[in-house]
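So this one's entry.cif, mmCIF, C-alpha atoms:
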data_input
#
loop_
_atom_site.label_atom_id
_atom_site.label_comp_id
_atom_site.auth_asym_id
_atom_site.auth_seq_id
_atom_site.Cartn_x
_atom_site.Cartn_y
_atom_site.Cartn_z
CA MET A 1 -22.15 3.33 -7.20
CA ARG A 2 -22.62 1.94 -3.70
CA THR A 3 -26.34 2.42 -3.42
CA ASN A 4 -26.32 1.13 0.16
CA ILE A 5 -24.43 4.23 1.34
CA SER A 6 -26.80 6.94 2.45
CA GLU A 7 -24.98 8.97 5.08
CA TRP A 8 -21.58 10.44 5.80
CA PHE A 9 -20.25 11.42 9.20
CA ARG A 10 -17.39 13.89 9.53
CA PRO A 11 -16.17 13.79 13.17
CA LYS A 12 -13.79 16.50 14.30
CA ASN A 13 -11.95 14.36 16.82
CA ILE A 14 -11.23 10.75 17.70
CA THR A 15 -13.72 10.65 20.61
CA GLU A 16 -16.54 11.68 18.30
CA ALA A 17 -15.45 9.12 15.72
CA VAL A 18 -15.42 6.28 18.26
CA GLU A 19 -18.92 7.26 19.49
CA ILE A 20 -20.21 6.99 15.94
CA ILE A 21 -18.47 3.63 15.47
CA LYS A 22 -19.97 2.26 18.69
CA SER A 23 -23.43 3.49 17.72
CA GLY A 24 -23.29 1.02 14.82
CA HIS A 25 -24.49 3.63 12.34
CA ALA A 26 -21.32 3.78 10.29
CA ILE A 27 -17.86 2.33 9.72
CA PRO A 28 -14.61 4.22 9.18
CA TYR A 29 -13.64 5.13 5.63
CA ALA A 30 -9.87 5.61 5.25
CA GLY A 31 -8.52 4.82 1.76
CA GLY A 32 -11.72 3.06 0.77
CA THR A 33 -10.08 0.30 -1.24
CA GLY A 34 -11.04 -2.40 1.25
CA LEU A 35 -14.68 -1.33 1.50
CA ARG A 36 -16.72 -4.42 0.80
CA ASN A 37 -19.58 -4.52 3.26
CA GLY A 38 -22.76 -4.09 1.26
CA GLN A 39 -24.87 -3.81 4.40
CA VAL A 40 -23.25 -0.61 5.60
CA HIS A 41 -25.35 2.55 5.30
CA GLY A 42 -23.03 5.12 6.82
CA LEU A 43 -19.37 5.96 6.44
CA ILE A 44 -17.08 7.99 8.67
CA ASP A 45 -14.72 10.39 6.94
CA LEU A 46 -11.51 10.18 8.99
CA ARG A 47 -9.76 13.19 7.42
CA GLY A 48 -10.68 15.52 10.28
CA LEU A 49 -8.82 13.34 12.77
CA ASN A 50 -5.37 14.21 11.39
CA LEU A 51 -4.12 10.64 11.55
CA ASP A 52 -1.90 11.05 8.51
CA TYR A 53 1.66 11.37 9.86
CA ILE A 54 5.01 9.72 10.48
CA ARG A 55 6.55 11.08 13.66
CA GLU A 56 9.96 10.27 15.00
CA LYS A 57 9.89 10.12 18.77
CA LYS A 58 12.75 9.54 21.18
CA ASN A 59 12.72 5.75 21.06
CA SER A 60 10.19 4.95 18.39
CA VAL A 61 8.46 6.07 15.24
CA ALA A 62 4.70 6.55 15.27
CA ILE A 63 2.74 6.17 12.05
CA GLY A 64 -0.79 7.54 12.00
CA ALA A 65 -3.40 5.02 10.94
CA CYS A 66 -4.47 7.10 7.92
CA THR A 67 -0.95 7.36 6.50
CA ARG A 68 -0.89 6.17 2.88
CA PHE A 69 1.29 3.32 1.75
CA ASN A 70 3.26 5.52 -0.64
CA ASP A 71 4.16 7.96 2.13
CA ILE A 72 5.51 5.07 4.17
CA SER A 73 7.34 3.53 1.23
CA HIS A 74 9.13 6.83 0.48
CA PHE A 75 10.05 7.58 4.09
CA HIS A 76 13.78 7.73 4.79
CA TRP A 77 14.38 5.33 7.64
CA SER A 78 17.66 5.39 9.49
CA ASP A 79 17.50 1.70 10.34
CA GLU A 80 15.89 -1.61 9.36
CA ARG A 81 12.37 -0.33 9.81
CA ARG A 82 12.85 0.20 6.09
CA ILE A 83 11.57 -3.36 5.62
CA LEU A 84 8.09 -1.94 6.28
CA SER A 85 8.67 0.47 3.39
CA GLN A 86 9.76 -2.44 1.22
CA ALA A 87 6.61 -4.34 2.14
CA VAL A 88 4.15 -1.52 1.48
CA GLY A 89 6.08 -0.39 -1.58
CA GLN A 90 5.42 -3.74 -3.22
CA ALA A 91 1.73 -3.90 -2.37
CA ALA A 92 -0.98 -3.28 -4.98
CA SER A 93 -0.08 -0.55 -7.50
CA ASN A 94 1.16 3.03 -7.42
CA PRO A 95 -2.30 4.67 -7.71
CA LEU A 96 -3.71 2.29 -5.08
CA ARG A 97 -0.76 2.93 -2.76
CA ASN A 98 -1.82 6.57 -2.80
CA LEU A 99 -5.15 5.46 -1.31
CA ILE A 100 -4.40 2.44 0.90
CA THR A 101 -3.78 3.34 4.54
CA LEU A 102 -1.83 1.46 7.18
CA GLY A 103 -4.72 1.42 9.62
CA GLY A 104 -7.26 0.38 7.02
CA SER A 105 -5.06 -2.52 5.95
CA LEU A 106 -4.70 -3.68 9.53
CA ALA A 107 -8.42 -3.37 10.18
CA TYR A 108 -9.63 -5.21 7.08
CA ARG A 109 -6.53 -7.25 6.21
CA PRO A 110 -7.10 -7.37 2.45
CA VAL A 111 -5.02 -9.88 0.51
CA TRP A 112 -2.83 -7.21 -1.07
CA SER A 113 -1.66 -5.57 2.11
CA ASN A 114 1.62 -7.39 3.00
CA ILE A 115 1.94 -5.39 6.18
CA PRO A 116 1.29 -7.82 9.05
CA THR A 117 4.45 -9.77 8.19
CA ALA A 118 6.79 -6.79 8.28
CA LEU A 119 5.11 -5.40 11.41
CA LEU A 120 5.54 -8.75 13.18
CA ALA A 121 9.25 -8.81 12.38
CA LEU A 122 9.60 -5.24 13.64
CA ASN A 123 7.63 -5.95 16.83
CA ALA A 124 5.24 -3.08 16.18
CA SER A 125 2.43 -2.03 18.50
CA ILE A 126 -1.08 -1.12 17.38
CA ILE A 127 -2.74 1.72 19.27
CA VAL A 128 -6.54 1.81 19.28
CA THR A 129 -9.15 4.00 20.88
CA GLY A 130 -12.49 2.82 22.19
CA THR A 131 -11.53 -0.43 23.79
CA ASP A 132 -9.51 -1.78 26.70
CA PRO A 133 -6.66 -2.63 26.21
CA SER A 134 -5.72 0.26 24.00
CA GLU A 135 -2.38 -1.11 22.84
CA TYR A 136 -1.81 -4.46 21.18
CA SER A 137 1.24 -6.25 19.93
CA VAL A 138 0.79 -7.07 16.26
CA ALA A 139 0.52 -10.79 17.05
CA ASP A 140 -2.29 -10.19 19.55
CA PHE A 141 -4.04 -7.73 17.26
CA LEU A 142 -4.11 -10.25 14.43
CA LYS A 143 -6.07 -12.57 16.74
CA VAL A 144 -8.70 -9.92 17.47
CA LYS A 145 -11.87 -10.52 15.51
CA HIS A 146 -12.57 -7.51 13.37
CA SER A 147 -14.62 -5.29 15.57
CA ARG A 148 -16.77 -2.27 15.02
CA GLN A 149 -16.11 -1.06 18.52
CA PHE A 150 -12.75 0.65 18.18
CA LEU A 151 -10.66 2.80 15.91
CA ILE A 152 -7.02 2.13 15.07
CA THR A 153 -5.19 5.42 15.56
CA GLU A 154 -1.49 4.71 15.42
CA ILE A 155 1.15 2.07 14.75
CA VAL A 156 4.36 2.36 16.74
CA LEU A 157 7.69 0.92 15.62
CA PRO A 158 10.56 0.50 18.10
CA PRO A 159 14.10 1.09 16.83
CA ALA A 160 15.56 -1.59 14.57
CA PRO A 161 19.35 -1.15 14.60
CA GLY A 162 20.05 -4.74 13.50
CA TYR A 163 19.56 -6.33 10.10
CA GLY A 164 16.31 -6.72 8.22
CA PHE A 165 15.12 -8.64 5.19
CA TYR A 166 11.87 -8.62 3.28
CA TYR A 167 10.78 -10.84 0.42
CA ARG A 168 7.51 -11.08 -1.43
CA PHE A 169 6.67 -13.81 -3.93
CA ALA A 170 4.04 -13.20 -6.60
CA ARG A 171 3.70 -13.99 -10.29
CA THR A 172 3.87 -10.36 -11.30
CA ARG A 173 4.43 -7.02 -9.62
CA PHE A 174 0.69 -6.38 -9.38
CA ASP A 175 -0.41 -9.81 -8.26
CA TYR A 176 -1.52 -10.95 -4.82
CA SER A 177 1.49 -12.51 -3.18
CA ALA A 178 1.52 -16.21 -2.43
CA LEU A 179 4.11 -15.74 0.30
CA ASP A 180 5.85 -12.93 2.08
CA LEU A 181 8.71 -13.18 4.52
CA ALA A 182 10.17 -10.63 6.92
CA ILE A 183 13.20 -11.18 9.12
CA TYR A 184 14.83 -9.00 11.74
CA VAL A 185 17.95 -10.00 13.66
CA GLU A 186 20.34 -8.33 16.06
CA ILE A 187 23.90 -9.54 16.37
CA LYS A 188 26.15 -9.19 19.42
CA SER A 189 29.77 -10.28 19.21
CA GLY A 190 28.99 -12.33 16.14
CA MET A 191 26.11 -14.16 17.86
CA ILE A 192 22.40 -13.91 17.02
CA ASP A 193 21.03 -12.06 20.02
CA LEU A 194 17.52 -11.44 18.76
CA CYS A 195 15.68 -13.06 15.89
CA ARG A 196 12.20 -12.60 14.46
CA VAL A 197 11.10 -14.55 11.40
CA ALA A 198 7.60 -13.76 10.15
CA VAL A 199 5.68 -15.38 7.31
CA GLY A 200 2.49 -14.10 5.76
CA ASN A 201 0.04 -14.60 2.90
CA ALA A 202 0.84 -18.31 2.72
CA LEU A 203 -0.77 -18.76 6.13
CA PRO A 204 -4.29 -17.91 7.30
CA VAL A 205 -2.77 -15.30 9.65
CA ALA A 206 0.75 -13.89 9.43
CA SER A 207 2.84 -15.59 12.09
CA ARG A 208 6.31 -15.84 13.49
CA LEU A 209 8.27 -19.07 13.14
CA THR A 210 9.16 -19.23 16.83
CA ASN A 211 10.55 -22.74 16.52
CA ILE A 212 13.17 -21.50 14.05
CA GLU A 213 13.80 -18.32 16.05
CA ASN A 214 14.49 -20.21 19.27
CA GLN A 215 17.00 -22.48 17.55
CA LEU A 216 18.87 -19.53 16.03
CA ILE A 217 19.19 -17.35 19.10
CA GLY A 218 22.62 -17.81 20.63
CA MET A 219 24.16 -19.24 17.45
CA GLN A 220 27.19 -17.70 15.81
CA LEU A 221 26.05 -15.95 12.63
CA SER A 222 28.86 -17.71 10.78
CA ASN A 223 27.67 -21.16 11.87
CA PRO A 224 26.75 -23.15 8.73
CA LYS A 225 24.14 -25.01 10.77
CA ILE A 226 21.94 -21.93 10.39
CA ASN A 227 21.16 -22.95 6.82
CA GLU A 228 20.18 -26.40 8.05
CA ILE A 229 17.90 -24.95 10.69
CA VAL A 230 16.09 -22.50 8.40
CA SER A 231 15.76 -25.18 5.74
CA SER A 232 13.85 -27.25 8.26
CA ALA A 233 11.09 -24.63 8.48
CA GLU A 234 7.74 -26.30 8.18
CA ILE A 235 4.51 -24.50 7.48
CA LYS A 236 1.29 -25.74 5.95
CA PRO A 237 0.70 -23.20 3.19
CA LEU A 238 -2.82 -22.23 2.31
CA LYS A 239 -4.26 -23.81 -0.80
CA ASN A 240 -3.29 -21.61 -3.75
CA PRO A 241 -4.79 -22.01 -7.25
CA ASN A 242 -1.49 -21.13 -8.89
CA PHE A 243 1.13 -22.93 -6.82
CA SER A 244 1.40 -26.23 -5.02
CA ARG A 245 2.00 -26.26 -1.29
CA GLU A 246 5.35 -27.93 -1.88
CA PHE A 247 6.42 -25.14 -4.21
CA ILE A 248 5.54 -22.41 -1.73
CA LEU A 249 7.32 -24.26 1.06
CA ASN A 250 10.41 -24.59 -1.13
CA ILE A 251 10.32 -20.88 -1.93
CA LEU A 252 10.16 -20.14 1.78
CA LYS A 253 13.13 -22.36 2.62
CA THR A 254 15.20 -20.97 -0.25
CA GLU A 255 14.53 -17.39 0.74
CA LEU A 256 15.26 -18.08 4.39
CA VAL A 257 18.71 -19.36 3.41
CA ARG A 258 19.24 -16.37 1.10
CA ALA A 259 18.16 -13.99 3.83
CA PHE A 260 20.72 -15.23 6.31
CA THR A 261 23.41 -15.22 3.64
CA LYS A 262 22.65 -11.54 3.00
CA ILE A 263 22.63 -10.79 6.72
CA ARG A 264 26.05 -12.43 7.08
CA GLU A 265 27.39 -10.38 4.19
CA GLN A 266 26.06 -7.18 5.71
CA ASP A 267 27.50 -8.04 9.10
CA TYR A 268 30.93 -8.83 7.62
CA ALA A 269 30.84 -5.57 5.69
CA ASN A 270 30.26 -3.73 8.95
CA MET B 1 -25.89 15.57 -1.22
CA GLN B 2 -23.91 18.55 -2.38
CA ILE B 3 -20.13 18.85 -2.20
CA GLU B 4 -17.46 21.24 -3.38
CA LEU B 5 -14.52 19.96 -5.34
CA THR B 6 -11.80 21.70 -7.31
CA VAL B 7 -11.54 20.09 -10.75
CA ASN B 8 -8.76 21.19 -13.06
CA GLY B 9 -8.30 24.34 -11.05
CA LYS B 10 -11.97 25.32 -11.02
CA LEU B 11 -14.13 25.14 -7.90
CA LYS B 12 -17.23 23.09 -8.60
CA THR B 13 -20.36 22.52 -6.55
CA LEU B 14 -21.63 19.06 -7.42
CA GLU B 15 -24.79 17.15 -6.62
CA ILE B 16 -23.85 13.54 -5.87
CA HIS B 17 -25.19 10.34 -4.37
CA ALA B 18 -23.56 9.46 -1.04
CA GLY B 19 -22.23 6.20 -2.51
CA GLU B 20 -21.09 7.62 -5.85
CA ASN B 21 -17.50 7.12 -6.86
CA LEU B 22 -15.26 9.78 -8.33
CA LEU B 23 -15.17 8.14 -11.75
CA GLU B 24 -18.95 8.37 -12.00
CA THR B 25 -18.96 11.95 -10.72
CA LEU B 26 -16.37 13.12 -13.19
CA ARG B 27 -17.91 11.42 -16.22
CA ASN B 28 -21.40 12.61 -15.24
CA ASN B 29 -20.05 16.15 -15.17
CA GLY B 30 -18.49 16.09 -18.59
CA TYR B 31 -14.98 14.85 -17.84
CA THR B 32 -15.27 11.92 -20.19
CA GLY B 33 -11.52 11.68 -20.70
CA VAL B 34 -11.59 9.68 -17.46
CA LYS B 35 -12.28 6.14 -18.64
CA TYR B 36 -14.16 3.25 -17.08
CA GLY B 37 -12.01 0.15 -17.58
CA CYS B 38 -12.67 -2.39 -14.84
CA GLY B 39 -14.28 -0.61 -11.93
CA THR B 40 -12.10 -2.56 -9.47
CA GLY B 41 -8.85 -0.60 -9.32
CA ASP B 42 -6.94 -3.05 -11.49
CA CYS B 43 -6.56 -1.41 -14.91
CA GLY B 44 -5.68 2.24 -14.27
CA ALA B 45 -7.83 3.62 -17.08
CA CYS B 46 -9.70 5.77 -14.56
CA VAL B 47 -6.62 7.29 -12.92
CA VAL B 48 -6.87 10.97 -12.05
CA LEU B 49 -4.69 13.13 -9.81
CA LEU B 50 -6.07 13.71 -6.32
CA ASN B 51 -4.07 16.50 -4.71
CA ASP B 52 -1.41 15.87 -7.37
CA ARG B 53 -1.21 12.12 -6.68
CA PRO B 54 -2.46 9.46 -9.11
CA VAL B 55 -5.39 7.46 -7.75
CA ASN B 56 -7.93 5.06 -9.23
CA SER B 57 -11.06 7.22 -9.37
CA CYS B 58 -13.26 4.11 -9.38
CA GLN B 59 -12.01 3.36 -5.87
CA VAL B 60 -12.66 6.78 -4.39
CA LEU B 61 -16.05 7.75 -3.04
CA THR B 62 -16.59 11.35 -4.05
CA ALA B 63 -18.08 12.38 -0.73
CA ALA B 64 -14.82 11.35 0.95
CA ILE B 65 -12.81 13.97 -0.90
CA GLU B 66 -14.99 17.02 -0.38
CA GLY B 67 -12.87 20.13 -0.62
CA GLU B 68 -9.95 18.41 -2.32
CA SER B 69 -8.39 19.04 -5.72
CA VAL B 70 -8.74 16.73 -8.72
CA THR B 71 -6.93 16.89 -12.05
CA THR B 72 -8.22 14.96 -15.03
CA ILE B 73 -6.65 14.50 -18.45
CA GLU B 74 -8.65 17.49 -19.62
CA GLY B 75 -6.63 19.60 -17.21
CA ILE B 76 -3.29 18.49 -18.65
CA GLY B 77 -3.63 19.24 -22.32
CA THR B 78 -6.05 19.66 -25.19
CA ILE B 79 -6.18 18.56 -28.81
CA ASP B 80 -4.99 21.99 -29.86
CA LYS B 81 -2.45 22.31 -27.10
CA PRO B 82 -1.33 18.85 -25.99
CA HIS B 83 1.05 18.38 -23.09
CA PRO B 84 4.58 17.29 -24.09
CA ILE B 85 3.93 13.92 -22.43
CA GLN B 86 0.95 13.38 -24.73
CA GLU B 87 2.98 14.42 -27.77
CA GLU B 88 5.90 12.18 -26.89
CA LEU B 89 3.66 9.16 -26.30
CA VAL B 90 2.09 9.67 -29.73
CA LYS B 91 5.49 10.14 -31.39
CA ALA B 92 6.84 6.99 -29.76
CA GLY B 93 3.96 4.90 -31.08
CA ALA B 94 2.65 4.35 -27.55
CA VAL B 95 -0.97 5.06 -28.42
CA GLN B 96 -3.07 2.49 -30.31
CA CYS B 97 -6.67 2.37 -29.12
CA GLY B 98 -5.83 5.13 -26.65
CA TYR B 99 -8.11 3.90 -23.88
CA CYS B 100 -5.36 3.43 -21.29
CA THR B 101 -3.55 6.59 -22.34
CA PRO B 102 -5.24 9.29 -20.23
CA GLY B 103 -4.47 7.44 -17.03
CA ILE B 104 -0.89 6.79 -18.11
CA VAL B 105 -0.38 10.45 -19.04
CA LEU B 106 -1.52 11.52 -15.60
CA SER B 107 0.69 9.03 -13.79
CA ALA B 108 3.64 10.11 -15.93
CA TYR B 109 2.80 13.76 -15.28
CA ALA B 110 2.80 13.19 -11.52
CA LEU B 111 6.08 11.23 -11.76
CA LEU B 112 7.92 13.91 -13.72
CA ARG B 113 6.77 16.63 -11.36
CA SER B 114 8.30 14.87 -8.37
CA ASN B 115 11.16 13.10 -10.14
CA PRO B 116 12.39 14.97 -13.21
CA TYR B 117 14.96 12.35 -14.21
CA PRO B 118 13.44 8.97 -13.44
CA THR B 119 15.21 5.71 -14.12
CA GLU B 120 13.46 3.06 -16.18
CA ASP B 121 12.61 1.17 -12.99
CA GLU B 122 11.11 4.30 -11.45
CA ILE B 123 8.99 4.83 -14.55
CA LYS B 124 7.82 1.20 -14.37
CA THR B 125 6.91 1.60 -10.71
CA ALA B 126 5.01 4.81 -11.42
CA LEU B 127 3.07 3.09 -14.20
CA ASP B 128 2.61 -0.27 -12.47
CA GLY B 129 -1.11 0.38 -12.04
CA HIS B 130 -1.81 0.65 -15.76
CA LEU B 131 -2.78 -2.18 -18.07
CA CYS B 132 -2.43 -1.82 -21.82
CA ARG B 133 -3.72 -4.57 -24.11
CA CYS B 134 -2.42 -2.98 -27.28
CA THR B 135 1.16 -1.84 -27.10
CA GLY B 136 3.21 -4.18 -24.94
CA TYR B 137 4.45 -1.25 -22.84
CA VAL B 138 7.87 -0.80 -24.51
CA LYS B 139 6.77 2.24 -26.50
CA ILE B 140 5.03 3.68 -23.48
CA LEU B 141 8.27 3.54 -21.49
CA GLU B 142 10.12 5.08 -24.41
CA GLY B 143 7.56 7.86 -24.69
CA VAL B 144 7.78 8.70 -21.00
CA LYS B 145 11.61 8.73 -21.12
CA ASN B 146 11.51 11.09 -24.09
CA ALA B 147 8.97 13.25 -22.32
CA ALA B 148 11.24 13.46 -19.26
CA GLU B 149 14.06 14.79 -21.41
CA ARG B 150 11.79 17.22 -23.17
CA VAL B 151 9.94 18.51 -20.13
CA HIS B 152 13.18 19.21 -18.27
#
How does this structure look as structure tokens?
Amino acid sequence: MRTNISEWFRPKNITEAVEIIKSGHAIPYAGGTGLRNGQVHGLIDLRGLNLDYIREKKNSVAIGACTRFNDISHFHWSDERRILSQAVGQAASNPLRNLITLGGSLAYRPVWSNIPTALLALNASIIVTGTDPSEYSVADFLKVKHSRQFLITEIVLPPAPGYGFYYRFARTRFDYSALDLAIYVEIKSGMIDLCRVAVGNALPVASRLTNIENQLIGMQLSNPKINEIVSSAEIKPLKNPNFSREFILNILKTELVRAFTKIREQDYAN
Amino acid sequence: MQIELTVNGKLKTLEIHAGENLLETLRNNGYTGVKYGCGTGDCGACVVLLNDRPVNSCQVLTAAIEGESVTTIEGIGTIDKPHPIQEELVKAGAVQCGYCTPGIVLSAYALLRSNPYPTEDEIKTALDGHLCRCTGYVKILEGVKNAAERVH
């Protein structure tokens, strides 16, 4: 029982919801699994806003902020945006994935969410209402201090016709991950034309390894130096009660090498 | 506050506290087959079906699901007329203390409705939110596989 909750608001549209948010009387309630703030007295039921959708547009896919993780994980992607499905499909547990929403996870960034990493690799955009600007890149959004002044409405994914890879390291299926890794590359004439390598959970904020990316762009995919480059990845992992920093760093380097091996295999097969 | 909720096919008007969770609401209204295990969404003992999808009822605020449909273990089978999933779990030796079982039955029920012939991995994924201290899970998986064959 959350005895601090005394009022529910049920807005019929996004404008109404944002007005309530800005009034400071209540915070949005999506899946509810990240609700921690004991000082909150009011909650906003977002169901009336119809933000539960996955829509394929001409050059992108838009996911409504209230779309549940299981709906995303079961979506049939035609390209490497499926790494988002892999990420959300490995988060939490099946009953929780029927509650956790994409927007809620981005807003509150709970430890189980996994999503910033995959969204960084896919170069997603976060659409919000109630603030200027109204569209953020994932990287910029992750720098925004959690605010009660706007509502996340949509996450937009551009096409991903290249190759993707997602890896999550945890002790068990239902454990918080110590590290997750998402990679997206595009190859042109055997050369790496675009490369995004994102690491999360082991860092305070999910981030791209731009140093590694810049070294890889322009390299032939078959170049064995790629393994050397990715093995030189350096991050300072967060302190973890279960694993040493050296262990997590080794996992990262190993999986980076494995990822590019898989990408090579896929490219050769094509 | 008052809300309307469909529970096991019956429309109910319930008096609730604004911060009450679904587990509390259901148990306070006689649906004691829904079990309190951890209260934090980790054990799965409290799983019910919300619009045919398994959810941890301890993580759902009841006021947030006004007008929706909930199925508890009481809506699946009874002592006199158990659901085949319940029978197969018992036959397989998958029930010892039985505390985790209602939640597992509901997750299995939801799985078999959407996926009549699940692989072992699919069963494991569907049940990944359930902890059992007694059985070691092998018999549970066996029971669900047998139930899949029997139900379809």
Result set, the PyMOL selection byres ((chain B) within 8 of (chain A)) on current file, as a list in words: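 This file, filtered by the PyMOL selection byres ((chain B) within 8 of (chain A)), leaves His17, Ala18, Gly19, Glu20, Asn21, Glu24, Gly41, Gly44, Val47, Arg53, Pro54, Val55, Asn56, Gln59, Val60, Leu61, Ala63, Ala64, Thr125, Ala126, Leu127, Asp128 and Gly129 of chain B.
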Chain and number of each residue from the PyMOL selection byres ((chain B and resi 10) around 12), as an MDAnalysis selection string: chainID B and resid 4:9 11:13 67:72 75
Dump C-alpha atoms for the selected residues as a compact mmCIF listing (two decimals), in the frame of the given file?
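Produced file selection-v6.txt, reproduced below:
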# COMPACT_ATOMS: atom_id res chain seq x y z
CA GLU B 4 -17.46 21.24 -3.38
CA LEU B 5 -14.52 19.96 -5.34
CA THR B 6 -11.80 21.70 -7.31
CA VAL B 7 -11.54 20.09 -10.75
CA ASN B 8 -8.76 21.19 -13.06
CA GLY B 9 -8.30 24.34 -11.05
CA LEU B 11 -14.13 25.14 -7.90
CA LYS B 12 -17.23 23.09 -8.60
CA THR B 13 -20.36 22.52 -6.55
CA GLY B 67 -12.87 20.13 -0.62
CA GLU B 68 -9.95 18.41 -2.32
CA SER B 69 -8.39 19.04 -5.72
CA VAL B 70 -8.74 16.73 -8.72
CA THR B 71 -6.93 16.89 -12.05
CA THR B 72 -8.22 14.96 -15.03
CA GLY B 75 -6.63 19.60 -17.21
Atom-to-atom span, atom CA of A:Glu246 and atom CA of A:Gln215, Å: 23.3 Å
Residues matched by the PyMOL selection byres ((chain A and resi 219) around 12), written as number ranges by chain: A: 185-195, 212-218, 220-227, 229
Contact residues around A:Thr15 with only C-alpha atoms at 12 Å, ignoring same-chain residues under 3 positions, as a list in words: Pro11, Lys12, Val18, Glu19, Ile20, Ile21, Lys22, Leu46, Gly48, Leu49, Val128, Thr129, Gly130, Thr131, Phe150, Leu151 and Thr153 of chain A
